[in-house]
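Note: the block below is input02.tsv and it holds TSV, C-alpha atoms.
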```tsv
chain	number	residue	atom	x	y	z
A	1	MET	CA	0.00	0.00	0.00
A	2	SER	CA	1.35	3.40	-0.92
A	3	VAL	CA	1.72	5.80	1.98
A	4	SER	CA	1.34	8.90	-0.17
A	5	GLY	CA	-2.19	10.19	-0.45
A	6	CYS	CA	-3.44	8.03	2.42
A	7	GLY	CA	-3.78	10.96	4.79
A	8	LEU	CA	-0.89	9.87	6.99
A	9	THR	CA	0.63	12.84	8.74
A	10	SER	CA	3.36	10.98	10.59
A	11	GLY	CA	5.25	7.75	10.61
A	12	SER	CA	8.86	6.84	9.98
A	13	PRO	CA	10.51	3.83	8.35
A	14	MET	CA	11.45	0.92	10.62
A	15	THR	CA	15.13	0.26	10.06
A	16	ASP	CA	15.91	-2.92	11.99
A	17	ASP	CA	18.61	-5.08	10.44
A	18	VAL	CA	16.69	-8.34	10.69
A	19	LYS	CA	16.52	-11.52	8.64
A	20	PRO	CA	14.10	-14.45	8.73
A	21	GLY	CA	14.43	-16.84	11.65
A	22	SER	CA	11.57	-19.27	12.15
A	23	ILE	CA	9.25	-16.77	10.40
A	24	GLY	CA	9.57	-14.94	7.09
A	25	ARG	CA	11.60	-17.60	5.28
A	26	GLY	CA	11.76	-16.93	1.57
A	27	GLU	CA	10.78	-13.31	2.32
A	28	PRO	CA	7.15	-13.67	1.14
A	29	LEU	CA	6.47	-9.97	1.78
A	30	GLU	CA	9.29	-8.68	-0.42
A	31	GLY	CA	7.96	-5.69	-2.36
A	32	ALA	CA	5.25	-4.91	0.19
A	33	HIS	CA	5.06	-1.43	1.74
A	34	LEU	CA	3.19	-1.88	5.02
A	35	THR	CA	2.21	0.67	7.66
A	36	VAL	CA	1.86	-0.67	11.21
A	37	THR	CA	-0.14	1.15	13.85
A	38	SER	CA	-0.87	0.92	17.58
A	39	LYS	CA	-2.33	2.85	20.49
A	40	SER	CA	-0.02	4.83	22.75
A	41	PHE	CA	0.29	2.70	25.91
A	42	THR	CA	3.26	0.42	26.64
A	43	GLU	CA	1.80	-2.95	25.63
A	44	GLN	CA	0.50	-1.56	22.35
A	45	LEU	CA	3.83	0.05	21.49
A	46	ILE	CA	5.54	-3.30	22.06
A	47	LEU	CA	2.95	-5.25	20.04
A	48	GLY	CA	3.14	-2.75	17.17
A	49	SER	CA	6.92	-3.10	17.10
A	50	ILE	CA	6.69	-6.91	17.20
A	51	MET	CA	4.38	-6.83	14.17
A	52	GLY	CA	6.60	-4.41	12.25
A	53	ILE	CA	9.75	-6.44	12.95
A	54	ALA	CA	7.99	-9.61	11.75
A	55	PHE	CA	7.05	-7.85	8.50
A	56	GLU	CA	10.62	-6.56	8.05
A	57	ALA	CA	12.08	-10.04	8.46
A	58	ALA	CA	9.66	-11.28	5.78
A	59	GLY	CA	11.00	-8.69	3.34
A	60	ALA	CA	8.52	-5.79	3.66
A	61	GLU	CA	9.34	-2.09	3.87
A	62	VAL	CA	7.60	-0.95	7.06
A	63	ILE	CA	6.35	2.46	8.13
A	64	ASP	CA	6.04	2.81	11.91
A	65	ARG	CA	2.82	4.59	12.86
A	66	THR	CA	2.65	3.23	16.41
A	67	GLY	CA	1.63	5.39	19.36
A	68	ILE	CA	-1.66	6.92	18.15
A	69	GLN	CA	-3.61	8.51	21.02
A	70	GLY	CA	-6.84	6.76	22.02
A	71	SER	CA	-8.43	3.57	20.69
A	72	ILE	CA	-10.34	4.97	17.76
A	73	GLY	CA	-7.38	6.48	15.89
A	74	SER	CA	-5.41	3.30	15.24
A	75	ARG	CA	-8.57	1.35	14.50
A	76	GLU	CA	-9.80	3.93	11.97
A	77	ALA	CA	-6.38	4.05	10.31
A	78	VAL	CA	-6.65	0.31	9.53
A	79	ARG	CA	-10.31	0.48	8.53
A	80	LYS	CA	-9.75	3.37	6.11
A	81	GLY	CA	-6.50	1.99	4.72
A	82	ASP	CA	-4.29	4.75	6.15
A	83	ALA	CA	-2.50	1.89	7.92
A	84	ASP	CA	-2.38	-1.80	7.08
A	85	ALA	CA	-2.27	-3.61	10.39
A	86	GLY	CA	-2.14	-3.45	14.17
A	87	TYR	CA	-2.80	-5.57	17.24
A	88	GLU	CA	-6.21	-4.88	18.78
A	89	TYR	CA	-8.27	-6.41	21.59
A	90	THR	CA	-11.36	-8.51	20.93
A	91	GLY	CA	-13.40	-6.99	23.77
A	92	THR	CA	-12.61	-3.44	22.66
A	93	ALA	CA	-13.70	-4.26	19.11
A	94	TRP	CA	-16.89	-6.01	20.17
A	95	ILE	CA	-18.07	-3.31	22.58
A	96	THR	CA	-16.44	-0.05	21.43
A	97	TYR	CA	-16.21	-0.44	17.64
A	98	LEU	CA	-19.03	-2.85	16.86
A	99	GLY	CA	-21.46	-1.39	19.40
A	100	ASN	CA	-22.45	-4.46	21.39
A	101	SER	CA	-23.30	-4.10	25.06
A	102	LYS	CA	-22.75	-7.66	26.29
A	103	PRO	CA	-19.39	-9.41	25.96
A	104	ILE	CA	-19.25	-13.09	24.96
A	105	PRO	CA	-17.81	-15.14	27.86
A	106	ASP	CA	-15.94	-17.71	25.74
A	107	PRO	CA	-12.72	-16.11	24.38
A	108	ARG	CA	-12.74	-18.05	21.10
A	109	ALA	CA	-16.42	-17.32	20.47
A	110	GLN	CA	-15.75	-13.64	21.22
A	111	TRP	CA	-12.96	-13.56	18.62
A	112	GLU	CA	-15.08	-15.40	16.04
A	113	ALA	CA	-17.97	-12.96	16.53
A	114	VAL	CA	-15.62	-9.99	16.09
A	115	ARG	CA	-14.01	-11.54	13.01
A	116	LYS	CA	-17.40	-12.19	11.41
A	117	ASP	CA	-18.89	-8.76	12.19
A	118	ASP	CA	-15.82	-6.71	11.34
A	119	ALA	CA	-15.44	-8.32	7.91
A	120	ARG	CA	-18.20	-5.99	6.65
A	121	ASN	CA	-16.02	-3.02	7.68
A	122	GLY	CA	-13.15	-4.23	5.50
A	123	VAL	CA	-11.14	-5.43	8.49
A	124	THR	CA	-9.88	-9.03	8.82
A	125	TRP	CA	-8.92	-10.48	12.20
A	126	LEU	CA	-6.16	-13.09	12.31
A	127	GLN	CA	-5.76	-15.77	15.00
A	128	PRO	CA	-5.92	-14.43	18.59
A	129	ALA	CA	-3.30	-14.60	21.34
A	130	GLU	CA	-3.83	-16.05	24.80
A	131	LEU	CA	-2.73	-12.60	25.99
A	132	ASN	CA	-5.88	-11.21	27.64
A	133	ASN	CA	-5.49	-7.67	28.95
A	134	THR	CA	-8.58	-7.48	31.12
A	135	TYR	CA	-9.46	-6.27	34.61
A	136	ALA	CA	-8.64	-8.10	37.85
A	137	LEU	CA	-8.29	-7.53	41.59
A	138	ALA	CA	-4.86	-8.06	43.13
A	139	MET	CA	-3.40	-7.95	46.65
A	140	ASN	CA	0.02	-8.10	48.29
A	141	GLN	CA	1.46	-11.43	49.44
A	142	GLU	CA	1.02	-10.62	53.14
A	143	ASN	CA	-2.73	-10.11	52.70
A	144	ALA	CA	-2.94	-13.12	50.38
A	145	LYS	CA	-1.53	-15.30	53.20
A	146	LYS	CA	-3.71	-13.61	55.83
A	147	TYR	CA	-7.02	-13.92	53.98
A	148	GLY	CA	-6.33	-16.85	51.65
A	149	THR	CA	-8.49	-15.54	48.80
A	150	LYS	CA	-7.70	-16.85	45.32
A	151	THR	CA	-10.86	-16.02	43.35
A	152	LEU	CA	-13.40	-13.21	43.15
A	153	SER	CA	-15.94	-15.61	44.70
A	154	ASP	CA	-13.56	-15.86	47.68
A	155	VAL	CA	-13.45	-12.06	47.92
A	156	ALA	CA	-17.26	-11.88	47.88
A	157	GLU	CA	-17.36	-14.50	50.65
A	158	LEU	CA	-14.79	-12.56	52.70
A	159	ALA	CA	-16.82	-9.35	52.30
A	160	LYS	CA	-19.76	-11.22	53.88
A	161	SER	CA	-17.90	-13.02	56.67
A	162	ASP	CA	-15.47	-10.21	57.60
A	163	PRO	CA	-16.77	-6.94	56.07
A	164	GLY	CA	-13.95	-4.80	57.47
A	165	ALA	CA	-11.35	-6.95	55.70
A	166	VAL	CA	-12.28	-5.91	52.16
A	167	SER	CA	-11.24	-2.46	50.95
A	168	LEU	CA	-10.83	-1.60	47.27
A	169	CYS	CA	-8.67	0.86	45.33
A	170	VAL	CA	-10.09	1.42	41.84
A	171	GLU	CA	-9.97	3.84	38.90
A	172	VAL	CA	-12.83	6.32	38.49
A	173	GLU	CA	-13.78	4.71	35.17
A	174	PHE	CA	-13.81	1.19	36.63
A	175	ALA	CA	-15.98	2.39	39.53
A	176	ASN	CA	-18.68	3.52	37.10
A	177	ARG	CA	-18.55	1.11	34.14
A	178	ALA	CA	-21.12	-1.65	33.71
A	179	ASP	CA	-18.25	-4.04	32.90
A	180	GLY	CA	-16.35	-2.73	35.93
A	181	LEU	CA	-17.09	-2.54	39.66
A	182	PRO	CA	-20.94	-2.31	39.65
A	183	GLY	CA	-21.26	-5.31	37.33
A	184	MET	CA	-18.60	-7.30	39.19
A	185	GLN	CA	-20.35	-6.75	42.53
A	186	ARG	CA	-23.68	-7.84	41.00
A	187	ALA	CA	-22.23	-10.93	39.31
A	188	TYR	CA	-20.50	-12.14	42.47
A	189	GLY	CA	-23.07	-11.00	45.04
A	190	MET	CA	-20.28	-8.86	46.50
A	191	ASN	CA	-21.32	-6.01	48.74
A	192	VAL	CA	-18.48	-3.62	49.53
A	193	PRO	CA	-19.79	-0.37	51.09
A	194	ALA	CA	-18.84	2.92	49.42
A	195	ARG	CA	-16.73	3.96	52.44
A	196	ASP	CA	-14.39	1.05	51.73
A	197	ILE	CA	-13.90	1.95	48.04
A	198	THR	CA	-11.28	4.57	47.14
A	199	GLN	CA	-11.00	5.99	43.62
A	200	MET	CA	-7.51	6.94	42.37
A	201	ASP	CA	-5.21	7.05	39.33
A	202	THR	CA	-4.09	3.73	37.83
A	203	GLY	CA	-0.41	3.95	38.78
A	204	ILE	CA	-1.15	4.72	42.44
A	205	ILE	CA	-3.42	1.67	42.76
A	206	TYR	CA	-0.48	-0.72	42.29
A	207	THR	CA	1.62	0.98	44.99
A	208	GLN	CA	-1.31	1.20	47.42
A	209	ALA	CA	-2.18	-2.50	46.93
A	210	ALA	CA	1.51	-3.40	47.36
A	211	LYS	CA	1.63	-1.41	50.63
A	212	GLY	CA	-1.64	-2.94	51.79
A	213	SER	CA	-3.32	0.48	52.14
A	214	CYS	CA	-6.24	-1.20	50.42
A	215	THR	CA	-6.71	-4.97	50.56
A	216	TYR	CA	-7.44	-5.24	46.83
A	217	GLY	CA	-6.47	-3.02	43.92
A	218	GLU	CA	-8.00	-3.05	40.44
A	219	VAL	CA	-5.27	-4.00	37.96
A	220	TYR	CA	-4.81	-4.93	34.31
A	221	THR	CA	-3.89	-8.60	33.96
A	222	THR	CA	-0.88	-8.00	31.69
A	223	ASP	CA	0.65	-5.07	33.63
A	224	GLY	CA	4.34	-5.53	34.41
A	225	ARG	CA	3.91	-4.02	37.87
A	226	ILE	CA	2.02	-7.15	39.01
A	227	ASN	CA	5.31	-9.07	38.86
A	228	SER	CA	7.62	-6.28	39.99
A	229	MET	CA	5.46	-5.63	43.10
A	230	ASN	CA	4.81	-9.35	43.63
A	231	LEU	CA	1.01	-8.99	43.71
A	232	ALA	CA	-1.38	-11.97	43.87
A	233	VAL	CA	-4.12	-11.78	41.21
A	234	MET	CA	-7.62	-13.06	42.00
A	235	ASP	CA	-9.10	-15.43	39.44
A	236	ASP	CA	-12.30	-14.25	37.73
A	237	ASP	CA	-13.90	-17.66	38.34
A	238	LYS	CA	-17.32	-16.64	36.96
A	239	ARG	CA	-15.70	-15.09	33.87
A	240	PHE	CA	-17.45	-11.79	34.41
A	241	PHE	CA	-14.89	-9.46	32.83
A	242	PRO	CA	-14.85	-9.19	29.03
A	243	ASN	CA	-12.13	-11.02	27.10
A	244	TYR	CA	-9.58	-8.59	25.72
A	245	ASN	CA	-7.47	-11.03	23.72
A	246	ALA	CA	-4.92	-9.39	21.44
A	247	ALA	CA	-5.17	-10.29	17.75
A	248	PRO	CA	-3.91	-8.73	14.51
A	249	MET	CA	-6.51	-6.63	12.68
A	250	ILE	CA	-5.56	-6.26	9.03
A	251	ASN	CA	-7.00	-4.08	6.29
A	252	ALA	CA	-8.84	-6.66	4.10
A	253	LYS	CA	-7.47	-5.25	0.81
A	254	THR	CA	-3.92	-5.45	2.14
A	255	LEU	CA	-4.41	-9.06	3.22
A	256	LYS	CA	-5.85	-9.96	-0.17
A	257	GLU	CA	-2.76	-8.53	-1.85
A	258	TRP	CA	-0.33	-10.04	0.68
A	259	PRO	CA	-1.95	-13.22	2.09
A	260	ALA	CA	1.42	-14.36	3.54
A	261	ILE	CA	0.88	-11.80	6.34
A	262	ALA	CA	-1.16	-14.47	8.16
A	263	ASP	CA	1.64	-17.07	7.96
A	264	VAL	CA	4.16	-14.51	9.20
A	265	LEU	CA	2.11	-13.36	12.20
A	266	ASP	CA	0.31	-16.51	13.39
A	267	PRO	CA	3.35	-18.18	15.07
A	268	VAL	CA	4.29	-14.90	16.80
A	269	THR	CA	0.75	-14.30	18.11
A	270	ALA	CA	0.61	-17.89	19.36
A	271	LYS	CA	3.54	-17.15	21.73
A	272	LEU	CA	1.92	-14.12	23.33
A	273	ASP	CA	0.31	-14.80	26.70
A	274	ASN	CA	-0.10	-12.85	29.95
A	275	ALA	CA	3.24	-14.03	31.38
A	276	VAL	CA	5.10	-12.80	28.28
A	277	ALA	CA	3.16	-9.53	28.29
A	278	ARG	CA	3.91	-8.86	31.98
A	279	LYS	CA	7.62	-9.55	31.42
A	280	LEU	CA	7.88	-7.30	28.35
A	281	ASN	CA	5.70	-4.53	29.82
A	282	ALA	CA	7.83	-4.50	32.99
A	283	LYS	CA	11.00	-3.97	30.95
A	284	VAL	CA	9.46	-0.68	29.78
A	285	ASP	CA	7.36	0.45	32.76
A	286	VAL	CA	9.67	-0.72	35.55
A	287	ASP	CA	13.16	-0.86	33.98
A	288	GLY	CA	12.73	2.10	31.62
A	289	GLU	CA	13.74	0.28	28.41
A	290	ASP	CA	12.62	1.35	24.93
A	291	PRO	CA	9.48	-0.52	23.72
A	292	HIS	CA	10.88	-1.16	20.22
A	293	GLN	CA	14.13	-2.56	21.63
A	294	VAL	CA	12.17	-4.78	24.04
A	295	ALA	CA	10.16	-6.11	21.09
A	296	LEU	CA	13.28	-6.74	19.00
A	297	ASP	CA	15.10	-8.52	21.83
A	298	TRP	CA	12.10	-10.82	22.36
A	299	MET	CA	11.75	-11.61	18.64
A	300	VAL	CA	15.45	-12.57	18.53
A	301	GLU	CA	15.31	-14.56	21.80
A	302	GLU	CA	12.33	-16.56	20.51
A	303	GLY	CA	14.18	-17.28	17.26
A	304	PHE	CA	11.50	-15.61	15.11
A	305	VAL	CA	14.09	-13.31	13.52
A	306	LYS	CA	17.86	-13.03	13.33
A	307	GLU	CA	19.79	-9.80	13.58
A	308	GLY	CA	22.10	-8.62	10.82
```
Would you mind giving the structure from this file in structure tokens?
Amino acid sequence: MSVSGCGLTSGSPMTDDVKPGSIGRGEPLEGAHLTVTSKSFTEQLILGSIMGIAFEAAGAEVIDRTGIQGSIGSREAVRKGDADAGYEYTGTAWITYLGNSKPIPDPRAQWEAVRKDDARNGVTWLQPAELNNTYALAMNQENAKKYGTKTLSDVAELAKSDPGAVSLCVEVEFANRADGLPGMQRAYGMNVPARDITQMDTGIIYTQAAKGSCTYGEVYTTDGRINSMNLAVMDDDKRFFPNYNAAPMINAKTLKEWPAIADVLDPVTAKLDNAVARKLNAKVDVDGEDPHQVALDWMVEEGFVKEG
């Protein structure tokens, strides 16, 4: 796809010196000019770089358009053809882009529904990752030993048997979203009084939960700070929270022209799970490394590409 005349105002060539490893053999994307996009938070910057590096190894010239503010921008770029591909989340697509109000509890069924519905928008979804960046409650290890909760059902039970034990730190948005705190409390029969719920910024929640200032903090399941602060994550045993599995969304015309994109990306996506995401995200958010370099190091370590 030609970048000129597509309405792109930014983007620079990716210039990694990479060759095929286990992916991209025979350089099936040689001659392709592909623009990769992402949202602006850490995980998305890493995923966008992973995708671009995979395309480079397969012979494509890649324009880096990662880091677009907000969800809609990167999505619209792919839909309109201003960009060719990006990693997106199934739950975000189903609810935000496709306008559904109820998530589908089974992750595979959720992906299939998104893939089917989004085809009419000229967007094709490739195979999903296990990586599921959804909501959870987490606590420090001291409280985990003290209260012994492992699931959200356990938390609901604790709130009944020892009401003073359960205090929550949550984001303002989570406190008010149907797929956040109100819905979670309904689904689990959990009754935490308002006085025991504190609303705060995302970053502060992790430190407060780690300190034990609140028993449970609302976290994102792939956040690197879960590992670095050694937090215990409660299992969503009733599968209340939507599935936000990462999967490549590709402009349908681009995929028709370059069908090998699927073969290049599928093995990479298959390796992405929450443990990998937490490790890579922590390298950026905790250790201060560059997202693109983190992506490249991982692609080399996994043998997907070779340097130089």
* Might you pull out every residue within 12 Å of segment 222-225 of chain A, with all atoms listed in the file counted and same-chain residues fewer than 6 positions away left off, and present them as a PyMOL selection string? => chain A and resi 41-44+130-136+138+140+202-207+209-210+231-233+244-246+272-288
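For the choices A:Arg186, A:His33, A:Lys146, A:Arg79, the atom-to-atom distance to Ala165 of chain A is smallest for A:Lys146 when using all atoms listed in the file.
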Centre, edges in Å (one decimal): axis-aligned box, segment 141-155 of chain A, 4 Å padding on all six sides, as AutoDock Vina command-line options:
```
--center_x -7.2 --center_y -13.5 --center_z 49.5 --size_x 25.4 --size_y 14.7 --size_z 20.7
```
* Would you list the contacts of Gly31 of chain A as a PyMOL selection string, taking every protein, DNA or RNA residue within 9 Å and counting all atoms listed in the file, but skipping same-chain residues closer than 3 positions in sequence? => chain A and resi 28+59-61
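Shortest separation to Ala57 of chain A among A:Thr124, A:Asn176, A:Ser22, A:Ser38 occurs at residue A:Ser22, atoms counted being all atoms listed in the file.
Interatomic distance, atom CA of Glu56 of chain A to atom CA of Val18 of chain A: 6.9 Å.
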Do you have, as CSV, the list of residues of segment 164-263 of chain A lying at most 10 Å from segment 103-110 of chain A, each with its nearest atom pair and that distance in Å to one decimal, counting all atoms listed in the file and ordered by chain then number?
```
residue,atom,partner,partner_atom,distance
A:Asp179,CA,A:Pro103,CA,8.8
A:Lys238,CA,A:Pro105,CA,9.2
A:Arg239,CA,A:Pro105,CA,6.4
A:Phe240,CA,A:Pro105,CA,7.4
A:Phe241,CA,A:Pro105,CA,8.1
A:Pro242,CA,A:Pro103,CA,5.5
A:Asn243,CA,A:Pro107,CA,5.8
A:Tyr244,CA,A:Pro107,CA,8.3
A:Asn245,CA,A:Pro107,CA,7.3
```
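Using only C-alpha atoms, the nearest neighbour of Asp84 of chain A within the list A:Asn251, A:Ser12, A:Thr269, A:Thr221 is A:Asn251.
Using all atoms listed in the file, the nearest neighbour of Asp263 of chain A within the list A:Val155, A:Lys39, A:Ser101, A:Ala58 is A:Ala58.
Atom CA of Tyr220 of chain A is found 26.5 Å from atom CA of Asp117 of chain A.
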* Using only C-alpha atoms, which residue out of A:Arg115, A:Arg75, A:Lys80, A:Arg25 lies closest to Thr254 of chain A? -> A:Lys80
* To do: Excluding Ile23 of chain A and any residue of its chain fewer than 6 positions from it, enumerate the residues within 7 Å of it, using all atoms listed in the file, and give them as a PyMOL selection string.
  => chain A and resi 264+304-305
Generate a file of the selected residues that holds C-alpha atoms, formatted as a short mmCIF file (atom, residue, chain, number, x, y, z; two decimals), in the frame of the given file.
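Output saved as selection.cif:
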```
data_model
loop_
_atom_site.label_atom_id
_atom_site.label_comp_id
_atom_site.auth_asym_id
_atom_site.auth_seq_id
_atom_site.Cartn_x
_atom_site.Cartn_y
_atom_site.Cartn_z
CA VAL A 264 4.16 -14.51 9.20
CA PHE A 304 11.50 -15.61 15.11
CA VAL A 305 14.09 -13.31 13.52
#
```
* Asked: Quick one: distance from atom CA of Gln208 of chain A to atom CA of Gln141 of chain A in Å, one decimal?
  -> 13.1 Å
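Minimum distance to Pro267 of chain A across A:Gly91, A:Gly24, A:Gly164, A:Gly70 (counting only C-alpha atoms) occurs at A:Gly24.
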